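K.L.:
Once you've had a glance at the structure underneath, I'll fire off some questions.
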Amino acid sequence: DDPPSSSGPLKAYSKVTDARLTQPEPQNWLMYRANYASWGYSPLKQITTENVKNLKLAWSYSTGMTEGHQAPPVVNNGYMYVTTPNNQVIAFEAKSGKELWRYKKTIPEELQQLHPTNRGVALYGDKVYIATTDAFVVALDAVTGKEVWKTASADWKQGYYSTLAPLAAEGKIMIGVSGGEYGIRGFVAAFDAETGKEVWRRYTIPAPGEKGSETWPKDDAWKTGGGPVWVTGSYDPETKVSYWGVGNAASWMPDTRKGDNLFSTSVIGIDIRSGELKGFHQYHPNDAWDWDEVSAPLLIDIERKGKKVKSLVHAGRNGYLWWLERSPNKIDFVDAWPFVLQNVFTGIDKKTGRPSYDPARIPQTGKTVNFCPSLWGGKDWPPEAYNPQTGLLYIPANNNLCAEITGIPTGKHKPGELYIGVGLDNILTHVRLTDESRKHIGEVQAWDMATGKKVWTQTFPAMNWGPLLTTGGNLVFGGGTNDRKFRAFDARNGKVLWEFAANSGVIGVPSTFEIDGEQYIAVQAGWGVDAQRMQGAFDAVMPQKTPVPQGGVIHVFKL
Ligand SMILES: O=C(O)c1cc(C(=O)O)c2c(n1)C(=O)C(=O)c1cc(C(=O)O)[nH]c1-2
Ligand SMILES: [Ca+2]
């Protein structure tokens, strides 16, 4: 086959450099959240609050796959890259939707996927990178799709897998691993972009003697302590520190691992040159609710008492909105407050940010416990967005929702087998409705961080699992509802200005780009994973059932 660059209008592939990733051109969407600060923001403004009502499909493409399509269409000067469940990567001519190549990772047949999804590619140099469900990191030639190198980061048979998009910087490809529900020992690792050789590895659960190890029991619990990393980290190129969200401790029952269990449910700063730890903040110690705090914090400058604070902002799965301050060697607590119904925390220490708990709301082995928000939290993985023009932070939230779970003995940990401490049937039916949740659950919220005020809320009857994009046209885009709608909101007041009914529920990360003077909005539809399971949990407690069809379709819109 001819390389596509010579067969069509596509120009030669433009190499992705550190300079380009640090200062992304407005016409491209070069990484998971468009910039290292994880804003999910594009300055493009051809599509506005005035004309968005005229947005039409430019092209669409069926991926041929079911389950969770969550990856953003990543675009570099005319080339688009999308991943699907089962680690396919599809390359397109971004303008026309013509398929250039498709890569299919061979996945072991015996591998059972607990979370059948993939959150996208990283671009660096002339290559495209993915982290796979069988725990590999793979480099592909961006023009041909040919495999250049492939390195196992861990053994999938031990319960390790990756669902996140890698982070690329300074010649390194950084990934994290999932497996919190299998009792893995989580880590972030960096691989040489050219050779695939591992450069460093930072475990999220310290070994005996390492900093934080005193927060684990003296037995072997640290070896199976969880702390997965399954969403792409943020990165501050000035200090070379990357910021990763760390997931739940394992098993879920806190009595199996007494102590704070650092660095589970924390944000950790990692120097990308050495892998050295550069500060941390634990959002809630001794996790008991599967509240993975994996969403990477957004790097935002916020005014406080007349001073600019270099901040880390995180809408927690634990239902609190966290404001932290980052310095080259540490992370300090600034403030936190609930953004959804939360009845577990009885207070937050003003100095340290440490929450205190209502003991009646802490799950334990052998007890049945009610708490709010549910296991899926105030916000699960779907990312927030920040618009520097409106100055607002946008959160896709699930409010008014509670849970009931019964802790059961886990037995001895067996590598590669579930290590949860709650029955699967209980997990799949654990949501409990409140009077308020009968009115509405899903929300898009807009916050002014400097004043701590919520500026607007848009509500939906059922859940919202919609990742957000915000643009220089004062728009917010997102799907996430079970009616298959993908919507544009006015970023200043939350009004719905446009909506499109997709083939399936939209849990994809939306992106935007420009080619030949035209702005495009792109998103994958493809309901699955825990959005689907939450719908199942609703169906279990509601009089009516709501079917949401599956099937991945990439949608690309323009005026
Ligand atoms: O502990 C883990 O390793 C882990 C991994 C993942 C994943 O990789 O997608 C999810 C979760 N936990 C999880 O708790 C969760 O609610 C969840 C939802 C989803 C999804 O894609 O909808 N993935 C995951
Ligand atoms: Ca988890």
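In the structure tokens, chains take the letters A, B, ... in the order shown, each chain's residues start at 1, and ligands count up from 1 in the order shown.
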Please identify all polymer residues within 8 Å of Pro396 (chain A), counting only C-alpha atoms, omitting same-chain residues fewer than 3 positions from it, and present them as JSON, numbers by chain.
P.N.:
{"A": [379, 382, 383, 384, 442, 443, 444, 445, 464, 465, 466, 467, 468]}
K.L.:
Write out as JSON, numbers by chain the residues lying within 7 Å of region 44-55 of chain A, counting only C-alpha atoms and excluding same-chain residues fewer than 4 positions away.
P.N.:
{"A": [26, 471, 472, 473, 474, 475, 490, 497, 498, 519, 557, 558, 559]}
K.L.:
For the residues in the current selection, export C-alpha atoms as a PDB file, in the first residue's frame.
P.N.:
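Dumped to out-v8.pdb:
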```
ATOM      1  CA  PRO A  26      -5.458  26.021  18.467  1.00  0.00           C
ATOM      2  CA  THR A 471     -14.290  26.302  23.758  1.00  0.00           C
ATOM      3  CA  GLY A 472     -13.368  29.902  23.014  1.00  0.00           C
ATOM      4  CA  GLY A 473     -16.848  30.216  21.460  1.00  0.00           C
ATOM      5  CA  ASN A 474     -18.193  30.198  25.046  1.00  0.00           C
ATOM      6  CA  LEU A 475     -19.551  26.697  24.659  1.00  0.00           C
ATOM      7  CA  ASP A 490     -23.875  28.154  26.847  1.00  0.00           C
ATOM      8  CA  LEU A 497     -28.262  25.584  22.675  1.00  0.00           C
ATOM      9  CA  TRP A 498     -28.058  22.480  20.490  1.00  0.00           C
ATOM     10  CA  GLN A 519     -13.923  24.261  13.011  1.00  0.00           C
ATOM     11  CA  PHE A 557     -19.703  17.997  13.240  1.00  0.00           C
ATOM     12  CA  LYS A 558     -19.241  21.377  11.573  1.00  0.00           C
ATOM     13  CA  LEU A 559     -21.366  24.395  10.723  1.00  0.00           C
TER      14      LEU A 559
END
```
K.L.:
My list of candidates is A:Arg533, A:His314, A:Lys150, A:Arg487. Which is closest to ligand 1 when distances are computed with only C-alpha atoms and all ligand atoms?
P.N.:
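Closest to ligand 1, using only C-alpha atoms and all ligand atoms: A:Arg533.
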K.L.:
Produce as a list in words the set of residues near ligand 2, where near means within 10 Å with only C-alpha atoms and all ligand atoms considered.
P.N.:
His115, Ser178, Gly179, Gly180, Glu181, Tyr182, Gly226, Gly227, Pro228, Val229, Trp230, Val246, Gly247, Asn248, Ala249, Ala250, Ser251, Trp252, Trp289, Asp290, Trp291, Asp292, Glu293, Val294, Leu375, Trp376, Asp380 and Ile420 of chain A
K.L.:
List every residue of region 7-152 of chain A that DSSP, applied to the backbone, labels as helix (DSSP H, G or I), and write the result as a VMD selection string.
P.N.:
chain A and resid 7 18 to 22 52 to 54 85 to 87
K.L.:
Please save C-alpha atoms of the selected residues as a PDB file, in the first residue's frame.
P.N.:
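Saved the output as again_18.pdb:
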```
ATOM      1  CA  SER A   7      -2.165   9.219  -1.917  1.00  0.00           C
ATOM      2  CA  ASP A  18       7.741  19.059  23.376  1.00  0.00           C
ATOM      3  CA  ALA A  19       7.353  22.649  22.210  1.00  0.00           C
ATOM      4  CA  ARG A  20       4.111  21.793  20.407  1.00  0.00           C
ATOM      5  CA  LEU A  21       2.728  19.837  23.374  1.00  0.00           C
ATOM      6  CA  THR A  22       3.598  22.674  25.762  1.00  0.00           C
ATOM      7  CA  VAL A  52     -24.097  26.405  17.242  1.00  0.00           C
ATOM      8  CA  LYS A  53     -27.749  25.649  16.437  1.00  0.00           C
ATOM      9  CA  ASN A  54     -26.587  25.115  12.835  1.00  0.00           C
ATOM     10  CA  PRO A  85     -12.412  -1.113  23.302  1.00  0.00           C
ATOM     11  CA  ASN A  86     -10.088  -4.106  22.706  1.00  0.00           C
ATOM     12  CA  ASN A  87      -7.311  -1.673  21.830  1.00  0.00           C
TER      13      ASN A  87
END
```
K.L.:
Return the single residue from A:Gly212, A:Tyr283, A:Pro328, A:Pro373 that is closest to Ser356 (chain A), with distances computed using only C-alpha atoms.
P.N.:
A:Tyr283
K.L.:
From the list A:Ala91, A:Val309, A:Asn329, A:Ala296, which residue is nearest Lys278 (chain A) when using only C-alpha atoms?
P.N.:
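Among A:Ala91, A:Val309, A:Asn329, A:Ala296, it is A:Asn329 that comes nearest to Lys278 (chain A).
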K.L.:
Give me, as a PyMOL selection string, the residues of region 100-165 of chain A that a backbone DSSP run labels strand (DSSP E).
P.N.:
chain A and resi 100-104+117-118+122-124+127-131+136-141+147-152
K.L.:
Take the selection from the previous step and output its residues with N, CA and C atoms, as a PDB file, in the first residue's frame.
P.N.:
```pdb
ATOM      1  N   LEU A 100      -7.398   5.586   7.282  1.00  0.00           N
ATOM      2  CA  LEU A 100      -6.036   5.438   6.765  1.00  0.00           C
ATOM      3  C   LEU A 100      -5.450   4.089   7.146  1.00  0.00           C
ATOM      4  N   TRP A 101      -5.677   3.687   8.379  1.00  0.00           N
ATOM      5  CA  TRP A 101      -5.252   2.357   8.819  1.00  0.00           C
ATOM      6  C   TRP A 101      -5.957   2.005  10.115  1.00  0.00           C
ATOM      7  N   ARG A 102      -5.943   0.729  10.424  1.00  0.00           N
ATOM      8  CA  ARG A 102      -6.509   0.261  11.688  1.00  0.00           C
ATOM      9  C   ARG A 102      -5.558  -0.754  12.297  1.00  0.00           C
ATOM     10  N   TYR A 103      -5.222  -0.514  13.541  1.00  0.00           N
ATOM     11  CA  TYR A 103      -4.363  -1.441  14.286  1.00  0.00           C
ATOM     12  C   TYR A 103      -5.235  -2.216  15.260  1.00  0.00           C
ATOM     13  N   LYS A 104      -5.043  -3.546  15.290  1.00  0.00           N
ATOM     14  CA  LYS A 104      -5.794  -4.369  16.239  1.00  0.00           C
ATOM     15  C   LYS A 104      -4.806  -5.117  17.118  1.00  0.00           C
ATOM     16  N   THR A 117     -12.730  -0.849  27.905  1.00  0.00           N
ATOM     17  CA  THR A 117     -12.661   0.473  27.304  1.00  0.00           C
ATOM     18  C   THR A 117     -11.207   0.859  27.112  1.00  0.00           C
ATOM     19  N   ASN A 118     -10.984   1.969  26.407  1.00  0.00           N
ATOM     20  CA  ASN A 118      -9.657   2.565  26.297  1.00  0.00           C
ATOM     21  C   ASN A 118      -9.838   4.059  26.106  1.00  0.00           C
ATOM     22  N   ALA A 122      -1.598   8.725  22.898  1.00  0.00           N
ATOM     23  CA  ALA A 122      -0.694   9.865  23.047  1.00  0.00           C
ATOM     24  C   ALA A 122       0.072   9.979  21.746  1.00  0.00           C
ATOM     25  N   LEU A 123       0.393  11.212  21.344  1.00  0.00           N
ATOM     26  CA  LEU A 123       1.228  11.437  20.163  1.00  0.00           C
ATOM     27  C   LEU A 123       2.580  11.967  20.629  1.00  0.00           C
ATOM     28  N   TYR A 124       3.651  11.469  19.988  1.00  0.00           N
ATOM     29  CA  TYR A 124       4.980  12.017  20.280  1.00  0.00           C
ATOM     30  C   TYR A 124       5.882  11.677  19.100  1.00  0.00           C
ATOM     31  N   LYS A 127       5.222   9.003  16.196  1.00  0.00           N
ATOM     32  CA  LYS A 127       4.539   7.783  16.654  1.00  0.00           C
ATOM     33  C   LYS A 127       3.256   8.080  17.434  1.00  0.00           C
ATOM     34  N   VAL A 128       2.453   7.008  17.517  1.00  0.00           N
ATOM     35  CA  VAL A 128       1.200   7.016  18.269  1.00  0.00           C
ATOM     36  C   VAL A 128       1.344   5.940  19.342  1.00  0.00           C
ATOM     37  N   TYR A 129       0.915   6.230  20.572  1.00  0.00           N
ATOM     38  CA  TYR A 129       1.119   5.293  21.680  1.00  0.00           C
ATOM     39  C   TYR A 129      -0.202   4.932  22.340  1.00  0.00           C
ATOM     40  N   ILE A 130      -0.316   3.641  22.709  1.00  0.00           N
ATOM     41  CA  ILE A 130      -1.475   3.216  23.507  1.00  0.00           C
ATOM     42  C   ILE A 130      -1.009   2.343  24.671  1.00  0.00           C
ATOM     43  N   ALA A 131      -1.848   2.306  25.708  1.00  0.00           N
ATOM     44  CA  ALA A 131      -1.655   1.395  26.837  1.00  0.00           C
ATOM     45  C   ALA A 131      -2.828   0.426  26.793  1.00  0.00           C
ATOM     46  N   PHE A 136       0.163  -3.869  28.071  1.00  0.00           N
ATOM     47  CA  PHE A 136       1.298  -3.490  27.233  1.00  0.00           C
ATOM     48  C   PHE A 136       1.275  -1.983  26.968  1.00  0.00           C
ATOM     49  N   VAL A 137       2.430  -1.470  26.606  1.00  0.00           N
ATOM     50  CA  VAL A 137       2.518  -0.136  26.019  1.00  0.00           C
ATOM     51  C   VAL A 137       3.001  -0.380  24.598  1.00  0.00           C
ATOM     52  N   VAL A 138       2.299   0.209  23.618  1.00  0.00           N
ATOM     53  CA  VAL A 138       2.602  -0.073  22.222  1.00  0.00           C
ATOM     54  C   VAL A 138       2.852   1.233  21.474  1.00  0.00           C
ATOM     55  N   ALA A 139       3.901   1.233  20.660  1.00  0.00           N
ATOM     56  CA  ALA A 139       4.211   2.382  19.806  1.00  0.00           C
ATOM     57  C   ALA A 139       3.931   2.005  18.361  1.00  0.00           C
ATOM     58  N   LEU A 140       3.189   2.867  17.656  1.00  0.00           N
ATOM     59  CA  LEU A 140       2.859   2.629  16.245  1.00  0.00           C
ATOM     60  C   LEU A 140       3.411   3.777  15.410  1.00  0.00           C
ATOM     61  N   ASP A 141       3.769   3.478  14.187  1.00  0.00           N
ATOM     62  CA  ASP A 141       4.137   4.525  13.242  1.00  0.00           C
ATOM     63  C   ASP A 141       2.862   5.325  12.921  1.00  0.00           C
ATOM     64  N   GLU A 147       3.474  -1.514  13.980  1.00  0.00           N
ATOM     65  CA  GLU A 147       3.999  -1.593  15.340  1.00  0.00           C
ATOM     66  C   GLU A 147       5.502  -1.315  15.333  1.00  0.00           C
ATOM     67  N   VAL A 148       5.959  -0.392  16.163  1.00  0.00           N
ATOM     68  CA  VAL A 148       7.394  -0.082  16.239  1.00  0.00           C
ATOM     69  C   VAL A 148       8.020  -0.764  17.451  1.00  0.00           C
ATOM     70  N   TRP A 149       7.373  -0.680  18.597  1.00  0.00           N
ATOM     71  CA  TRP A 149       7.793  -1.463  19.762  1.00  0.00           C
ATOM     72  C   TRP A 149       6.594  -1.758  20.638  1.00  0.00           C
ATOM     73  N   LYS A 150       6.805  -2.713  21.535  1.00  0.00           N
ATOM     74  CA  LYS A 150       5.729  -3.181  22.408  1.00  0.00           C
ATOM     75  C   LYS A 150       6.403  -3.672  23.682  1.00  0.00           C
ATOM     76  N   THR A 151       6.008  -3.113  24.830  1.00  0.00           N
ATOM     77  CA  THR A 151       6.639  -3.490  26.099  1.00  0.00           C
ATOM     78  C   THR A 151       5.556  -3.828  27.110  1.00  0.00           C
ATOM     79  N   ALA A 152       5.689  -4.963  27.792  1.00  0.00           N
ATOM     80  CA  ALA A 152       4.748  -5.294  28.865  1.00  0.00           C
ATOM     81  C   ALA A 152       5.097  -4.450  30.076  1.00  0.00           C
TER      82      ALA A 152
END
```
K.L.:
Between CA of Trp39 (chain A) and CA of Tyr386 (chain A), what is the spacing in Å?
P.N.:
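Taking CA of Tyr386 (chain A) as the start and CA of Trp39 (chain A) as the end point, the length is 4.9 Å.
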